[in-house]
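K.L.:
Contents of protein-v3.cif (mmCIF, C-alpha atoms):
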```
data_entry
loop_
_atom_site.group_PDB
_atom_site.id
_atom_site.type_symbol
_atom_site.label_atom_id
_atom_site.label_comp_id
_atom_site.auth_asym_id
_atom_site.auth_seq_id
_atom_site.Cartn_x
_atom_site.Cartn_y
_atom_site.Cartn_z
ATOM 1 C CA MET Z 689 13.671 55.293 0.503
ATOM 2 C CA ILE Z 690 12.560 56.898 -2.772
ATOM 3 C CA ARG Z 691 12.663 60.291 -1.107
ATOM 4 C CA PHE Z 692 16.188 59.637 0.105
ATOM 5 C CA TYR Z 693 17.208 58.533 -3.394
ATOM 6 C CA ARG Z 694 15.703 61.713 -4.854
ATOM 7 C CA TRP Z 695 17.496 63.788 -2.249
ATOM 8 C CA LEU Z 696 20.864 62.123 -2.876
ATOM 9 C CA PHE Z 697 20.592 62.025 -6.694
ATOM 10 C CA PRO Z 698 18.630 65.117 -7.755
ATOM 11 C CA HIS Z 699 19.901 64.611 -11.313
ATOM 12 C CA PRO Z 700 21.009 60.996 -11.852
ATOM 13 C CA LEU Z 701 22.119 61.592 -15.440
ATOM 14 C CA LEU Z 702 24.262 64.537 -14.338
ATOM 15 C CA THR Z 703 25.977 62.278 -11.808
ATOM 16 C CA LEU Z 704 26.679 59.656 -14.498
ATOM 17 C CA LEU Z 705 27.870 62.311 -16.952
ATOM 18 C CA MET Z 706 30.302 63.749 -14.409
ATOM 19 C CA ALA Z 707 31.670 60.279 -13.654
ATOM 20 C CA VAL Z 708 32.263 59.678 -17.384
ATOM 21 C CA VAL Z 709 33.936 63.103 -17.768
ATOM 22 C CA TRP Z 710 36.138 62.336 -14.743
ATOM 23 C CA ILE Z 711 37.247 59.005 -16.234
ATOM 24 C CA LEU Z 712 37.966 60.673 -19.579
ATOM 25 C CA LEU Z 713 39.990 63.372 -17.792
ATOM 26 C CA GLN Z 714 42.150 60.668 -16.182
ATOM 27 C CA ASN Z 715 42.743 59.280 -19.694
ATOM 28 C CA GLU Z 716 43.072 55.709 -18.423
ATOM 29 C CA PHE Z 717 40.457 53.479 -16.917
ATOM 30 C CA SER Z 718 40.661 52.070 -13.413
ATOM 31 C CA TRP Z 719 37.818 51.024 -11.135
ATOM 32 C CA GLY Z 720 39.109 53.215 -8.333
ATOM 33 C CA MET Z 721 38.860 56.282 -10.537
ATOM 34 C CA ALA Z 722 35.377 55.237 -11.726
ATOM 35 C CA VAL Z 723 34.153 54.976 -8.127
ATOM 36 C CA PHE Z 724 35.802 58.290 -7.251
ATOM 37 C CA GLY Z 725 34.120 59.876 -10.272
ATOM 38 C CA LEU Z 726 30.739 58.595 -9.093
ATOM 39 C CA ILE Z 727 31.382 59.998 -5.609
ATOM 40 C CA LEU Z 728 32.386 63.365 -7.098
ATOM 41 C CA GLY Z 729 29.334 63.316 -9.349
ATOM 42 C CA THR Z 730 27.053 62.649 -6.399
ATOM 43 C CA ILE Z 731 28.570 65.373 -4.223
ATOM 44 C CA ILE Z 732 28.665 68.026 -6.949
ATOM 45 C CA ALA Z 733 25.121 67.240 -8.124
ATOM 46 C CA ARG Z 734 23.890 67.398 -4.519
ATOM 47 C CA LEU Z 735 25.677 70.695 -3.791
ATOM 48 C CA THR Z 736 24.474 72.404 -6.979
ATOM 49 C CA ALA Z 737 20.906 71.017 -6.817
ATOM 50 C CA VAL Z 738 19.712 74.372 -5.438
ATOM 51 C CA TRP Z 739 20.374 75.979 -8.814
ATOM 52 C CA TRP Z 740 18.552 73.232 -10.763
ATOM 53 C CA PRO Z 741 15.166 73.212 -9.051
ATOM 54 C CA ASP Z 742 13.246 71.197 -11.653
ATOM 55 C CA ARG Z 743 14.478 68.066 -13.262
ATOM 56 C CA PRO Z 744 13.047 67.025 -16.635
ATOM 57 C CA VAL Z 745 9.927 64.927 -16.029
ATOM 58 C CA SER Z 746 10.965 62.303 -18.501
ATOM 59 C CA PHE Z 747 14.062 61.808 -20.569
ATOM 60 C CA ARG Z 748 14.169 58.964 -23.089
ATOM 61 C CA PHE Z 749 17.863 58.237 -23.330
ATOM 62 C CA PHE Z 750 17.587 55.734 -26.186
ATOM 63 C CA LYS Z 751 15.762 58.191 -28.413
ATOM 64 C CA MET Z 752 18.619 60.631 -27.765
ATOM 65 C CA VAL Z 753 21.117 58.362 -29.577
ATOM 66 C CA PRO Z 754 19.628 58.650 -33.114
ATOM 67 C CA TYR Z 755 19.107 62.367 -32.499
ATOM 68 C CA VAL Z 756 22.805 62.857 -31.678
ATOM 69 C CA LEU Z 757 23.820 60.877 -34.771
ATOM 70 C CA ILE Z 758 21.526 62.948 -37.024
ATOM 71 C CA VAL Z 759 22.903 66.172 -35.531
ATOM 72 C CA LEU Z 760 26.522 65.054 -35.976
ATOM 73 C CA TRP Z 761 25.832 64.230 -39.632
ATOM 74 C CA ASP Z 762 24.089 67.582 -40.120
ATOM 75 C CA ILE Z 763 27.050 69.396 -38.553
ATOM 76 C CA MET Z 764 29.365 67.913 -41.204
ATOM 77 C CA VAL Z 765 26.979 68.797 -44.041
ATOM 78 C CA ALA Z 766 26.472 72.278 -42.582
ATOM 79 C CA ASN Z 767 30.203 72.904 -42.439
ATOM 80 C CA VAL Z 768 30.722 72.051 -46.091
ATOM 81 C CA GLN Z 769 27.688 74.129 -47.133
ATOM 82 C CA VAL Z 770 28.773 77.202 -45.195
ATOM 83 C CA ALA Z 771 32.358 76.835 -46.412
ATOM 84 C CA TRP Z 772 31.022 76.701 -49.985
ATOM 85 C CA ILE Z 773 28.929 79.842 -49.431
ATOM 86 C CA VAL Z 774 31.916 81.649 -47.897
ATOM 87 C CA LEU Z 775 34.161 80.808 -50.826
ATOM 88 C CA THR Z 776 31.818 81.263 -53.785
ATOM 89 C CA ARG Z 777 28.972 83.657 -52.905
ATOM 90 C CA PRO Z 778 29.653 87.410 -53.144
ATOM 91 C CA ASN Z 779 28.193 89.495 -50.317
ATOM 92 C CA SER Z 780 25.680 91.223 -52.576
ATOM 93 C CA LYS Z 781 24.014 87.926 -53.515
ATOM 94 C CA LEU Z 782 23.674 86.727 -49.916
ATOM 95 C CA ARG Z 783 20.076 86.594 -48.686
ATOM 96 C CA PRO Z 784 20.164 86.627 -44.857
ATOM 97 C CA ALA Z 785 16.795 86.479 -43.089
ATOM 98 C CA TRP Z 786 15.230 86.295 -39.643
ATOM 99 C CA VAL Z 787 13.211 83.158 -39.024
ATOM 100 C CA VAL Z 788 10.728 82.940 -36.138
ATOM 101 C CA ILE Z 789 10.092 79.457 -34.806
ATOM 102 C CA PRO Z 790 7.012 79.002 -32.611
ATOM 103 C CA LEU Z 791 8.018 76.520 -29.914
ATOM 104 C CA GLU Z 792 6.000 73.544 -28.714
ATOM 105 C CA LEU Z 793 8.773 72.549 -26.335
ATOM 106 C CA ARG Z 794 8.367 73.861 -22.800
ATOM 107 C CA GLN Z 795 11.240 72.428 -20.750
ATOM 108 C CA PRO Z 796 14.226 74.800 -20.544
ATOM 109 C CA GLU Z 797 16.631 71.884 -21.083
ATOM 110 C CA ALA Z 798 14.888 70.871 -24.312
ATOM 111 C CA ILE Z 799 14.821 74.448 -25.630
ATOM 112 C CA THR Z 800 18.533 74.797 -24.832
ATOM 113 C CA ILE Z 801 19.334 71.642 -26.789
ATOM 114 C CA LEU Z 802 17.188 72.829 -29.715
ATOM 115 C CA ALA Z 803 18.895 76.245 -29.766
ATOM 116 C CA GLY Z 804 22.347 74.642 -29.640
ATOM 117 C CA THR Z 805 21.430 72.248 -32.441
ATOM 118 C CA ILE Z 806 20.160 75.091 -34.609
ATOM 119 C CA THR Z 807 23.408 77.008 -34.173
ATOM 120 C CA LEU Z 808 25.526 74.011 -35.137
ATOM 121 C CA THR Z 809 23.505 72.996 -38.214
ATOM 122 C CA PRO Z 810 23.032 74.310 -41.792
ATOM 123 C CA GLY Z 811 23.176 78.085 -42.183
ATOM 124 C CA THR Z 812 21.282 79.025 -39.024
ATOM 125 C CA VAL Z 813 22.203 80.677 -35.699
ATOM 126 C CA SER Z 814 19.717 80.949 -32.848
ATOM 127 C CA ALA Z 815 19.823 84.539 -31.655
ATOM 128 C CA ASP Z 816 17.108 85.152 -29.076
ATOM 129 C CA LEU Z 817 14.116 83.784 -27.206
ATOM 130 C CA SER Z 818 10.860 85.686 -26.806
ATOM 131 C CA ASP Z 819 10.204 87.150 -23.380
ATOM 132 C CA GLU Z 820 7.899 84.346 -22.245
ATOM 133 C CA GLY Z 821 9.674 81.564 -24.098
ATOM 134 C CA HIS Z 822 7.107 80.725 -26.755
ATOM 135 C CA SER Z 823 9.190 81.399 -29.832
ATOM 136 C CA LEU Z 824 12.803 81.232 -30.883
ATOM 137 C CA LEU Z 825 14.510 83.792 -33.118
ATOM 138 C CA VAL Z 826 16.835 82.261 -35.690
ATOM 139 C CA HIS Z 827 19.104 83.997 -38.151
ATOM 140 C CA ALA Z 828 19.536 82.225 -41.482
ATOM 141 C CA LEU Z 829 22.680 82.913 -43.496
ATOM 142 C CA ASP Z 830 21.301 82.380 -46.976
ATOM 143 C CA THR Z 831 17.704 81.461 -47.743
ATOM 144 C CA ASP Z 832 15.018 82.479 -50.219
ATOM 145 C CA ASN Z 833 12.267 80.792 -48.224
ATOM 146 C CA PRO Z 834 12.216 81.387 -44.423
ATOM 147 C CA GLU Z 835 9.058 79.229 -44.042
ATOM 148 C CA ALA Z 836 10.900 76.208 -45.421
ATOM 149 C CA VAL Z 837 13.734 76.718 -42.908
ATOM 150 C CA ARG Z 838 11.203 76.958 -40.081
ATOM 151 C CA ASP Z 839 9.349 73.825 -41.163
ATOM 152 C CA GLU Z 840 12.567 71.869 -41.550
ATOM 153 C CA ILE Z 841 13.728 72.785 -38.040
ATOM 154 C CA LYS Z 842 10.335 71.909 -36.592
ATOM 155 C CA ASN Z 843 10.123 68.564 -38.390
ATOM 156 C CA ARG Z 844 13.695 67.456 -38.133
ATOM 157 C CA TYR Z 845 14.708 68.545 -34.628
ATOM 158 C CA GLU Z 846 11.800 69.787 -32.546
ATOM 159 C CA ARG Z 847 9.575 66.773 -33.258
ATOM 160 C CA ARG Z 848 12.341 64.424 -32.116
ATOM 161 C CA LEU Z 849 13.063 66.504 -29.019
ATOM 162 C CA LEU Z 850 9.347 66.442 -28.137
ATOM 163 C CA GLU Z 851 9.510 62.648 -28.249
ATOM 164 C CA ILE Z 852 12.623 62.617 -26.077
ATOM 165 C CA PHE Z 853 11.355 64.971 -23.377
ATOM 166 C CA GLU Z 854 7.581 64.393 -23.204
ATOM 167 C CA MET R 984 51.707 49.356 -45.992
ATOM 168 C CA THR R 985 52.172 49.143 -42.274
ATOM 169 C CA LEU R 986 49.896 50.690 -39.710
ATOM 170 C CA GLU R 987 52.384 53.504 -39.132
ATOM 171 C CA ILE R 988 52.347 54.573 -42.787
ATOM 172 C CA ILE R 989 48.546 54.514 -43.019
ATOM 173 C CA GLY R 990 48.380 56.413 -39.739
ATOM 174 C CA THR R 991 50.797 59.048 -40.981
ATOM 175 C CA TYR R 992 48.760 59.645 -44.126
ATOM 176 C CA ALA R 993 45.504 59.775 -42.139
ATOM 177 C CA ILE R 994 47.038 62.322 -39.741
ATOM 178 C CA GLY R 995 48.253 64.418 -42.663
ATOM 179 C CA ILE R 996 44.845 64.394 -44.358
ATOM 180 C CA CYS R 997 43.055 65.304 -41.115
ATOM 181 C CA LEU R 998 45.493 68.168 -40.465
ATOM 182 C CA LEU R 999 44.979 69.499 -43.984
ATOM 183 C CA ILE R 1000 41.177 69.319 -43.710
ATOM 184 C CA GLY R 1001 41.204 70.983 -40.297
ATOM 185 C CA ALA R 1002 43.587 73.739 -41.314
ATOM 186 C CA SER R 1003 41.696 74.539 -44.521
ATOM 187 C CA PHE R 1004 38.333 74.692 -42.719
ATOM 188 C CA ALA R 1005 39.817 76.986 -40.068
ATOM 189 C CA LEU R 1006 41.199 79.188 -42.883
ATOM 190 C CA ILE R 1007 37.795 79.293 -44.605
ATOM 191 C CA GLY R 1008 36.157 80.255 -41.314
ATOM 192 C CA THR R 1009 38.589 83.145 -40.947
ATOM 193 C CA ILE R 1010 38.007 84.251 -44.544
ATOM 194 C CA GLY R 1011 34.270 84.239 -43.870
ATOM 195 C CA LEU R 1012 34.736 86.321 -40.741
ATOM 196 C CA LEU R 1013 36.632 88.927 -42.781
ATOM 197 C CA LYS R 1014 34.486 88.770 -45.904
ATOM 198 C CA PHE R 1015 30.922 89.111 -44.632
ATOM 199 C CA ASN R 1016 29.904 92.681 -43.907
ATOM 200 C CA ASP R 1017 26.965 92.300 -41.513
ATOM 201 C CA PRO R 1018 27.512 91.453 -37.813
ATOM 202 C CA MET R 1019 24.891 88.683 -37.901
ATOM 203 C CA THR R 1020 26.127 86.936 -41.050
ATOM 204 C CA ARG R 1021 29.642 87.155 -39.657
ATOM 205 C CA LEU R 1022 28.559 84.922 -36.799
ATOM 206 C CA HIS R 1023 27.864 82.014 -39.146
ATOM 207 C CA ALA R 1024 31.380 81.433 -40.415
ATOM 208 C CA PRO R 1025 33.283 80.876 -37.148
ATOM 209 C CA THR R 1026 30.513 78.979 -35.320
ATOM 210 C CA LYS R 1027 30.179 76.264 -37.918
ATOM 211 C CA VAL R 1028 33.335 76.091 -39.938
ATOM 212 C CA GLY R 1029 35.421 76.523 -36.795
ATOM 213 C CA THR R 1030 33.838 73.471 -35.165
ATOM 214 C CA ILE R 1031 34.755 71.030 -37.922
ATOM 215 C CA GLY R 1032 38.179 72.636 -38.354
ATOM 216 C CA ILE R 1033 39.062 72.028 -34.729
ATOM 217 C CA GLY R 1034 37.293 68.648 -34.851
ATOM 218 C CA ALA R 1035 39.531 67.448 -37.675
ATOM 219 C CA LEU R 1036 42.676 68.731 -35.918
ATOM 220 C CA LEU R 1037 41.661 66.876 -32.745
ATOM 221 C CA LEU R 1038 40.956 63.741 -34.794
ATOM 222 C CA ALA R 1039 44.507 63.961 -36.161
ATOM 223 C CA SER R 1040 45.833 64.229 -32.618
ATOM 224 C CA MET R 1041 43.770 61.192 -31.584
ATOM 225 C CA ILE R 1042 44.976 59.063 -34.508
ATOM 226 C CA HIS R 1043 48.559 60.030 -33.673
ATOM 227 C CA SER R 1044 48.183 58.986 -30.061
ATOM 228 C CA TRP R 1045 46.499 55.663 -30.917
ATOM 229 C CA VAL R 1046 48.983 54.708 -33.661
ATOM 230 C CA PHE R 1047 52.288 55.869 -32.186
ATOM 231 C CA THR R 1048 51.864 56.007 -28.421
ATOM 232 C CA GLU R 1049 49.312 54.990 -25.841
ATOM 233 C CA GLY R 1050 45.794 55.887 -26.881
ATOM 234 C CA SER R 1051 44.262 59.094 -25.602
ATOM 235 C CA LEU R 1052 40.608 60.112 -25.305
ATOM 236 C CA HIS R 1053 41.125 63.664 -24.022
ATOM 237 C CA GLU R 1054 40.263 64.975 -27.491
ATOM 238 C CA LEU R 1055 36.711 63.638 -27.173
ATOM 239 C CA LEU R 1056 36.257 65.805 -24.089
ATOM 240 C CA ILE R 1057 37.610 68.877 -25.883
ATOM 241 C CA MET R 1058 35.198 68.236 -28.762
ATOM 242 C CA ALA R 1059 32.243 67.765 -26.420
ATOM 243 C CA PHE R 1060 32.997 70.997 -24.547
ATOM 244 C CA LEU R 1061 33.415 72.869 -27.847
ATOM 245 C CA PHE R 1062 30.084 71.616 -29.173
ATOM 246 C CA VAL R 1063 28.401 72.715 -25.964
ATOM 247 C CA THR R 1064 30.046 76.135 -25.637
ATOM 248 C CA ALA R 1065 30.218 77.329 -29.277
ATOM 249 C CA PRO R 1066 26.420 77.828 -29.614
ATOM 250 C CA ILE R 1067 26.285 79.675 -26.291
ATOM 251 C CA SER R 1068 28.906 82.257 -27.248
ATOM 252 C CA ALA R 1069 27.233 82.650 -30.659
ATOM 253 C CA HIS R 1070 23.891 83.153 -28.935
ATOM 254 C CA PHE R 1071 25.333 85.876 -26.724
ATOM 255 C CA ILE R 1072 27.008 87.678 -29.612
ATOM 256 C CA GLY R 1073 23.659 87.563 -31.433
ATOM 257 C CA LYS R 1074 21.927 89.033 -28.377
ATOM 258 C CA VAL R 1075 24.479 91.856 -28.210
ATOM 259 C CA ASN R 1076 23.908 92.599 -31.913
ATOM 260 C CA ILE R 1077 20.166 92.849 -31.339
ATOM 261 C CA HIS R 1078 20.651 94.953 -28.219
ATOM 262 C CA LYS R 1079 22.968 97.409 -29.954
ATOM 263 C CA ARG R 1080 20.685 97.534 -33.030
ATOM 264 C CA ALA R 1081 23.669 96.488 -35.118
ATOM 265 C CA CYS R 1082 21.486 94.353 -37.383
ATOM 266 C CA ALA R 1083 18.052 94.460 -38.991
ATOM 267 C CA THR R 1084 15.386 94.558 -36.271
ATOM 268 C CA PRO R 1085 13.837 91.084 -35.954
ATOM 269 C CA PRO R 1086 10.093 90.606 -36.644
ATOM 270 C CA THR R 1087 7.857 90.529 -33.559
ATOM 271 C CA PRO R 1088 7.136 87.048 -32.202
ATOM 272 C CA PRO R 1089 3.619 85.698 -32.905
ATOM 273 C CA GLU R 1090 2.607 84.807 -29.330
ATOM 274 C CA ASP R 1091 4.532 86.920 -26.835
ATOM 275 C CA ASP R 1092 5.074 90.665 -26.680
ATOM 276 C CA THR R 1093 8.674 90.975 -27.740
ATOM 277 C CA TRP R 1094 12.091 89.315 -27.769
ATOM 278 C CA SER R 1095 13.724 89.000 -24.398
ATOM 279 C CA THR R 1096 16.694 91.175 -25.405
ATOM 280 C CA LEU R 1097 14.384 94.004 -26.486
ATOM 281 C CA ASN R 1098 12.201 93.691 -23.400
ATOM 282 C CA VAL R 1099 13.128 96.741 -21.312
ATOM 283 C CA PRO R 1100 11.687 96.898 -17.770
ATOM 284 C CA GLU R 1101 9.246 99.764 -17.311
ATOM 285 C CA ALA R 1102 11.471 101.607 -14.839
ATOM 286 C CA ASP R 1103 14.298 101.762 -17.408
ATOM 287 C CA ARG R 1104 12.310 102.885 -20.440
ATOM 288 C CA ASP R 1105 13.424 106.518 -20.241
ATOM 289 C CA ILE R 1106 17.108 105.582 -20.254
ATOM 290 C CA ALA R 1107 18.469 105.710 -23.778
ATOM 291 C CA PRO R 1108 20.071 102.412 -24.928
ATOM 292 C CA HIS R 1109 23.850 102.474 -25.120
ATOM 293 C CA THR R 1110 25.040 103.033 -28.614
#
```
Written as structure tokens, that's how I'd like the structure from this file.
P.N.:
Amino acid sequence: MIRFYRWLFPHPLLTLLMAVVWILLQNEFSWGMAVFGLILGTIIARLTAVWWPDRPVSFRFFKMVPYVLIVLWDIMVANVQVAWIVLTRPNSKLRPAWVVIPLELRQPEAITILAGTITLTPGTVSADLSDEGHSLLVHALDTDNPEAVRDEIKNRYERRLLEIFE
Amino acid sequence: MTLEIIGTYAIGICLLIGASFALIGTIGLLKFNDPMTRLHAPTKVGTIGIGALLLASMIHSWVFTEGSLHELLIMAFLFVTAPISAHFIGKVNIHKRACATPPTPPEDDTWSTLNVPEADRDIAPHT
């Protein structure tokens, strides 16, 4: 039974996500559409399971909620900061720097979320991953202290992601 | 003050915020002179610019017509895809040596973009 369940729903959260996206695409809620979305989510997740061989061992959904809220808040702050830099700082006074972040995260999904978060938040863009995936290369727009940027990313985002995925 | 009037003002404010952030993002794209710093302006400022415009559209649909949630989907897709395109542009910059060479990573040999397979080492990189 459990094996059948695992075969039918290789990624249960993906199925749910696709159902929600389907309902949002319809733009009005009806139970028929919800059921159809679930069916679509099941079929698509089953058909594409070959390309997602590993599923995350654990995923704590309720720890994801505060993380998303923190990131949304940081995105707003980041936007105002970068806009301020664009408008007031002349190019010659800009101090761009490479920041190397040693990763403790191992799951590809978690690293992807971390890289996306870094790009959307204050003055940093994730640019590359090392060839065996142990460190992340980040470009900072304006910093006088790359170590501080690294520590902030590790404390603020990576620690929370470790709790979510481990 | 009816709901329509408040809604109209809210839509106007959201449109102004969105348009000005989009303008600032464009100014940043033109102003910065290094390919890597140029990436910062559109990835961040663009997101909130479009976010505010979509919020205006959502308020309009909830106040004046039947509510619509399509904008949430657009926002979600934008937040997922914007970092990926930025990441790829960054990789191209590193590959083409258009920016300062990044420091070597502490644990592994090199960055994945700079990792050339042994068979291809004698081919000069495209410039």
K.L.:
I'd like the contact shell of Ile801 (chain Z) - 12 Å cut-off, all atoms listed in the file, skipping same-chain residues fewer than 6 positions apart - returned as a PyMOL selection string.
P.N.:
(chain Z and resi 752+755-756+759+793-795+807-808+814+845-846+848-850+852-853) or (chain R and resi 1062-1064+1066-1067)
K.L.:
I need the chain R residues near chain Z as a PyMOL selection string; criterion: at most 6 Å, counting all atoms listed in the file.
P.N.:
chain R and resi 1011+1020+1027-1028+1066+1070+1073-1074+1093-1095
K.L.:
Where does the PyMOL selection byres ((chain Z and resi 724-728) around 7) land in this file, that is, which residues does it pick, as an NGL selection string?
P.N.:
:Z and (703-704 or 706-707 or 710-711 or 720-723 or 729-732)
K.L.:
Interatomic distance between CA of Pro1025 (chain R) and CA of Pro1088 (chain R)?
P.N.:
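Computing the Euclidean distance for CA of Pro1025 (chain R) and CA of Pro1088 (chain R) yields 27.3 Å.
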K.L.:
Edge lengths and centre in Å to one decimal, as AutoDock Vina command-line options, of the axis-aligned box that encloses all listed atoms of region 1084-1092 of chain R with 5 Å added on every side?
P.N.:
```
--center_x 9.0 --center_y 89.7 --center_z -31.7 --size_x 22.8 --size_y 19.8 --size_z 20.0
```
K.L.:
State, in Å with one decimal place, the distance from CA of Lys751 (chain Z) to CA of Glu851 (chain Z).
P.N.:
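CA of Glu851 (chain Z) lies at a distance of 7.7 Å from CA of Lys751 (chain Z).
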K.L.:
How far is it from CA of Thr831 (chain Z) to CA of Arg777 (chain Z), in Å with one decimal?
P.N.:
12.6 Å
K.L.:
Run the PyMOL selection byres ((chain R and resi 1040) around 10) mentally over the shown coordinates, then write out the matched residues as a list in words, using the chain letters and numbers from the document.
P.N.:
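Answer for the PyMOL selection byres ((chain R and resi 1040) around 10): Ile994, Cys997, Leu998, Gly1034, Ala1035, Leu1036, Leu1037, Leu1038, Ala1039, Met1041, Ile1042, His1043, Ser1044, Trp1045, Ser1051, Leu1052, His1053 and Glu1054 of chain R.
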K.L.:
Taking all atoms listed in the file into account, which of Z:Tyr693, Z:Thr736, Z:Pro698, Z:Thr776 comes nearest Ile1010 (chain R)?
P.N.:
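Among Z:Tyr693, Z:Thr736, Z:Pro698, Z:Thr776, it is Z:Thr776 that comes nearest to Ile1010 (chain R).
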K.L.:
Using all atoms listed in the file, what residues lie at most 10 Å away from (38.9, 79.3, -41.0) (file coordinates), given as a list in words?
P.N.:
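The answer, in the requested form, is Ala771 of chain Z; Gly1001, Ala1002, Ser1003, Phe1004, Ala1005, Leu1006, Ile1007, Gly1008, Thr1009, Ile1010, Gly1011, Leu1012, Ala1024, Pro1025, Lys1027, Val1028, Gly1029, Thr1030, Ile1031, Gly1032 and Ile1033 of chain R.
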K.L.:
Could you spell out the hits of the PyMOL selection byres ((chain R and resi 1075) around 12) on the shown file, as a ChimeraX atom specification?
P.N.:
/Z:815-816 /R:1018-1019,1022,1068-1074,1076-1082,1095-1097,1108-1110
K.L.:
Of the candidates Z:Arg838, Z:His699, Z:Leu760, Z:Glu797, which one gets nearest to Val738 (chain Z) if we count all atoms listed in the file?
P.N.:
Z:His699
